[in-house]
Amino acid sequence: METQEHASGGQRRTPRIASIMVNAVDAARLSAFWSELLDMPIAAEHEGFIWLRPAEPGLPQLAFQQVEAPTDGRRRLHLDLHDADATALRIKAESLGATFVEGYDIADFHWDVMQDPEGNEFCIAQE
């Protein structure tokens, strides 16, 4: 792992992203949606927090925090999902309660903007 020099002259570890946290009015439902869509089982639950197992050790965990009300306005954070079969992933997402928002193309790259069951945006593109 790459390190940076600390102000005192010693080495320190580079920070890493441990979780991508999503506020959810129904954390159980939303974590179940993402668990099924990404084939990542639930790793831990604790007092309104639910974490999915990361795809590989050391990668960030997708996590959900129970909140009383949904976030208003345009979402400031979203996930970009790439898959060898983007169409199949979109169909799976929709079967789990996602909705299509709009599609975009830049040159030969296409992606679909989707919303999960609570309206959080994410994108699906071909790997």
# chains A, B, ... in the order shown; residues from 1 in each chain; ligands from 1

$ residues_around --residues "A:Glu45" --least-positions-apart "6" --cutoff "12 Å" --atoms "only C-alpha atoms" --output "mmCIF file with N, CA, C and O atoms, in the first residue's frame"
data_model
loop_
_atom_site.group_PDB
_atom_site.id
_atom_site.type_symbol
_atom_site.label_atom_id
_atom_site.label_comp_id
_atom_site.auth_asym_id
_atom_site.auth_seq_id
_atom_site.Cartn_x
_atom_site.Cartn_y
_atom_site.Cartn_z
ATOM 1 N N ALA A 27 -34.497 0.995 5.715
ATOM 2 C CA ALA A 27 -33.151 0.452 5.497
ATOM 3 C C ALA A 27 -33.188 -1.043 5.187
ATOM 4 O O ALA A 27 -32.404 -1.524 4.368
ATOM 5 N N ALA A 28 -34.088 -1.785 5.809
ATOM 6 C CA ALA A 28 -34.176 -3.224 5.552
ATOM 7 C C ALA A 28 -34.571 -3.496 4.100
ATOM 8 O O ALA A 28 -33.962 -4.325 3.419
ATOM 9 N N SER A 31 -31.676 -2.228 1.679
ATOM 10 C CA SER A 31 -30.498 -3.095 1.713
ATOM 11 C C SER A 31 -30.793 -4.432 1.030
ATOM 12 O O SER A 31 -29.932 -4.985 0.342
ATOM 13 N N TRP A 51 -24.890 -3.269 6.703
ATOM 14 C CA TRP A 51 -23.742 -3.272 5.795
ATOM 15 C C TRP A 51 -23.791 -4.509 4.906
ATOM 16 O O TRP A 51 -24.048 -5.609 5.380
ATOM 17 N N LEU A 52 -23.510 -4.325 3.612
ATOM 18 C CA LEU A 52 -23.368 -5.451 2.696
ATOM 19 C C LEU A 52 -21.909 -5.895 2.676
ATOM 20 O O LEU A 52 -21.005 -5.091 2.895
ATOM 21 N N ARG A 53 -21.687 -7.172 2.400
ATOM 22 C CA ARG A 53 -20.330 -7.682 2.276
ATOM 23 C C ARG A 53 -19.693 -7.052 1.032
ATOM 24 O O ARG A 53 -20.327 -7.008 -0.028
ATOM 25 N N ALA A 63 -23.541 0.541 2.565
ATOM 26 C CA ALA A 63 -24.206 0.492 3.863
ATOM 27 C C ALA A 63 -25.431 1.398 3.866
ATOM 28 O O ALA A 63 -25.515 2.352 3.093
ATOM 29 N N PHE A 64 -26.370 1.098 4.752
ATOM 30 C CA PHE A 64 -27.641 1.819 4.816
ATOM 31 C C PHE A 64 -27.921 2.248 6.239
ATOM 32 O O PHE A 64 -27.783 1.462 7.173
ATOM 33 N N GLN A 65 -28.319 3.505 6.383
ATOM 34 C CA GLN A 65 -28.625 4.088 7.682
ATOM 35 C C GLN A 65 -30.095 4.444 7.714
ATOM 36 O O GLN A 65 -30.589 5.176 6.845
ATOM 37 N N GLN A 66 -30.806 3.960 8.713
ATOM 38 C CA GLN A 66 -32.226 4.259 8.864
ATOM 39 C C GLN A 66 -32.407 5.742 9.207
ATOM 40 O O GLN A 66 -31.770 6.244 10.134
#

$ select_by_dssp --residues "chain A" --states "strand (DSSP E)" --output "PyMOL selection string"
chain A and resi 3-5+11-13+19-24+42-46+49-52+61-66+79-83+99-106+109-115+121-126

$ write_last_selection --atoms "C-alpha atoms" --output "PDB file, in the first residue's frame"
ATOM      1  CA  THR A   3       2.120   5.638   2.076  1.00  0.00           C
ATOM      2  CA  GLN A   4       2.576   9.364   2.543  1.00  0.00           C
ATOM      3  CA  GLU A   5       5.096  11.100   4.749  1.00  0.00           C
ATOM      4  CA  GLN A  11       4.954   7.232   7.451  1.00  0.00           C
ATOM      5  CA  ARG A  12       1.166   7.111   7.600  1.00  0.00           C
ATOM      6  CA  ARG A  13      -1.301   4.955   5.751  1.00  0.00           C
ATOM      7  CA  SER A  19     -18.384   2.433   3.305  1.00  0.00           C
ATOM      8  CA  ILE A  20     -20.693   4.167   0.922  1.00  0.00           C
ATOM      9  CA  MET A  21     -23.553   5.148   3.214  1.00  0.00           C
ATOM     10  CA  VAL A  22     -27.097   5.577   1.952  1.00  0.00           C
ATOM     11  CA  ASN A  23     -29.825   7.183   4.073  1.00  0.00           C
ATOM     12  CA  ALA A  24     -32.980   5.098   3.845  1.00  0.00           C
ATOM     13  CA  ILE A  42     -25.793  -8.619   4.191  1.00  0.00           C
ATOM     14  CA  ALA A  43     -22.644  -8.706   6.338  1.00  0.00           C
ATOM     15  CA  ALA A  44     -23.803  -6.937   9.497  1.00  0.00           C
ATOM     16  CA  GLU A  45     -26.744  -5.110  11.094  1.00  0.00           C
ATOM     17  CA  HIS A  46     -26.634  -2.859  14.142  1.00  0.00           C
ATOM     18  CA  PHE A  49     -27.397   0.353  10.196  1.00  0.00           C
ATOM     19  CA  ILE A  50     -26.988  -2.461   7.652  1.00  0.00           C
ATOM     20  CA  TRP A  51     -23.742  -3.272   5.795  1.00  0.00           C
ATOM     21  CA  LEU A  52     -23.368  -5.451   2.696  1.00  0.00           C
ATOM     22  CA  GLN A  61     -18.946  -1.665   1.771  1.00  0.00           C
ATOM     23  CA  LEU A  62     -22.325  -0.402   0.684  1.00  0.00           C
ATOM     24  CA  ALA A  63     -24.206   0.492   3.863  1.00  0.00           C
ATOM     25  CA  PHE A  64     -27.641   1.819   4.816  1.00  0.00           C
ATOM     26  CA  GLN A  65     -28.625   4.088   7.682  1.00  0.00           C
ATOM     27  CA  GLN A  66     -32.226   4.259   8.864  1.00  0.00           C
ATOM     28  CA  LEU A  79     -23.336   4.533  -7.896  1.00  0.00           C
ATOM     29  CA  ASP A  80     -22.165   3.681 -11.390  1.00  0.00           C
ATOM     30  CA  LEU A  81     -22.672  -0.009 -12.100  1.00  0.00           C
ATOM     31  CA  HIS A  82     -20.896  -1.649 -15.035  1.00  0.00           C
ATOM     32  CA  ASP A  83     -21.830  -5.140 -16.166  1.00  0.00           C
ATOM     33  CA  THR A  99     -37.356   2.609 -12.304  1.00  0.00           C
ATOM     34  CA  PHE A 100     -35.764   3.944 -15.486  1.00  0.00           C
ATOM     35  CA  VAL A 101     -35.190   7.734 -15.536  1.00  0.00           C
ATOM     36  CA  GLU A 102     -33.350   8.409 -18.795  1.00  0.00           C
ATOM     37  CA  GLY A 103     -30.577   7.146 -21.048  1.00  0.00           C
ATOM     38  CA  TYR A 104     -27.465   8.954 -22.238  1.00  0.00           C
ATOM     39  CA  ASP A 105     -24.936   8.437 -25.014  1.00  0.00           C
ATOM     40  CA  ILE A 106     -21.476   9.896 -25.440  1.00  0.00           C
ATOM     41  CA  PHE A 109     -20.773   4.743 -24.597  1.00  0.00           C
ATOM     42  CA  HIS A 110     -24.358   4.411 -23.336  1.00  0.00           C
ATOM     43  CA  TRP A 111     -25.683   4.423 -19.792  1.00  0.00           C
ATOM     44  CA  ASP A 112     -29.109   4.386 -18.186  1.00  0.00           C
ATOM     45  CA  VAL A 113     -30.003   6.497 -15.179  1.00  0.00           C
ATOM     46  CA  MET A 114     -32.165   4.511 -12.791  1.00  0.00           C
ATOM     47  CA  GLN A 115     -33.797   5.072  -9.401  1.00  0.00           C
ATOM     48  CA  GLU A 121     -30.233   7.495  -8.548  1.00  0.00           C
ATOM     49  CA  PHE A 122     -27.718   5.044  -9.957  1.00  0.00           C
ATOM     50  CA  CYS A 123     -26.403   4.348 -13.439  1.00  0.00           C
ATOM     51  CA  ILE A 124     -26.031   1.118 -15.402  1.00  0.00           C
ATOM     52  CA  ALA A 125     -23.561   0.807 -18.278  1.00  0.00           C
ATOM     53  CA  GLN A 126     -21.974  -1.951 -20.339  1.00  0.00           C
TER      54      GLN A 126
END

$ select_by_dssp --residues "stretch 12-107 of chain A" --states "alpha helix (DSSP H)" --output "PyMOL selection string"
chain A and resi 27-38+86-95

$ closest_residue --among "A:Glu118, A:Val67, A:Ile17, A:Glu127" --to "A:Ala86" --atoms "only C-alpha atoms"
A:Glu127

$ residues_around --residues "A:Gly97" --least-positions-apart "4" --cutoff "10 Å" --atoms "only C-alpha atoms" --output "PyMOL selection string"
chain A and resi 30+33+92-93+115-118

$ atom_distance --atom1 "atom CA of A:Trp34" --atom2 "atom CA of A:Glu68"
19.9 Å

$ closest_residue --among "A:Ser35, A:Ile91, A:Gly119, A:Gly58" --to "A:Arg16" --atoms "only C-alpha atoms"
A:Gly58

$ atom_distance --atom1 "atom CA of A:Pro54" --atom2 "atom CA of A:Ala69"
26.8 Å
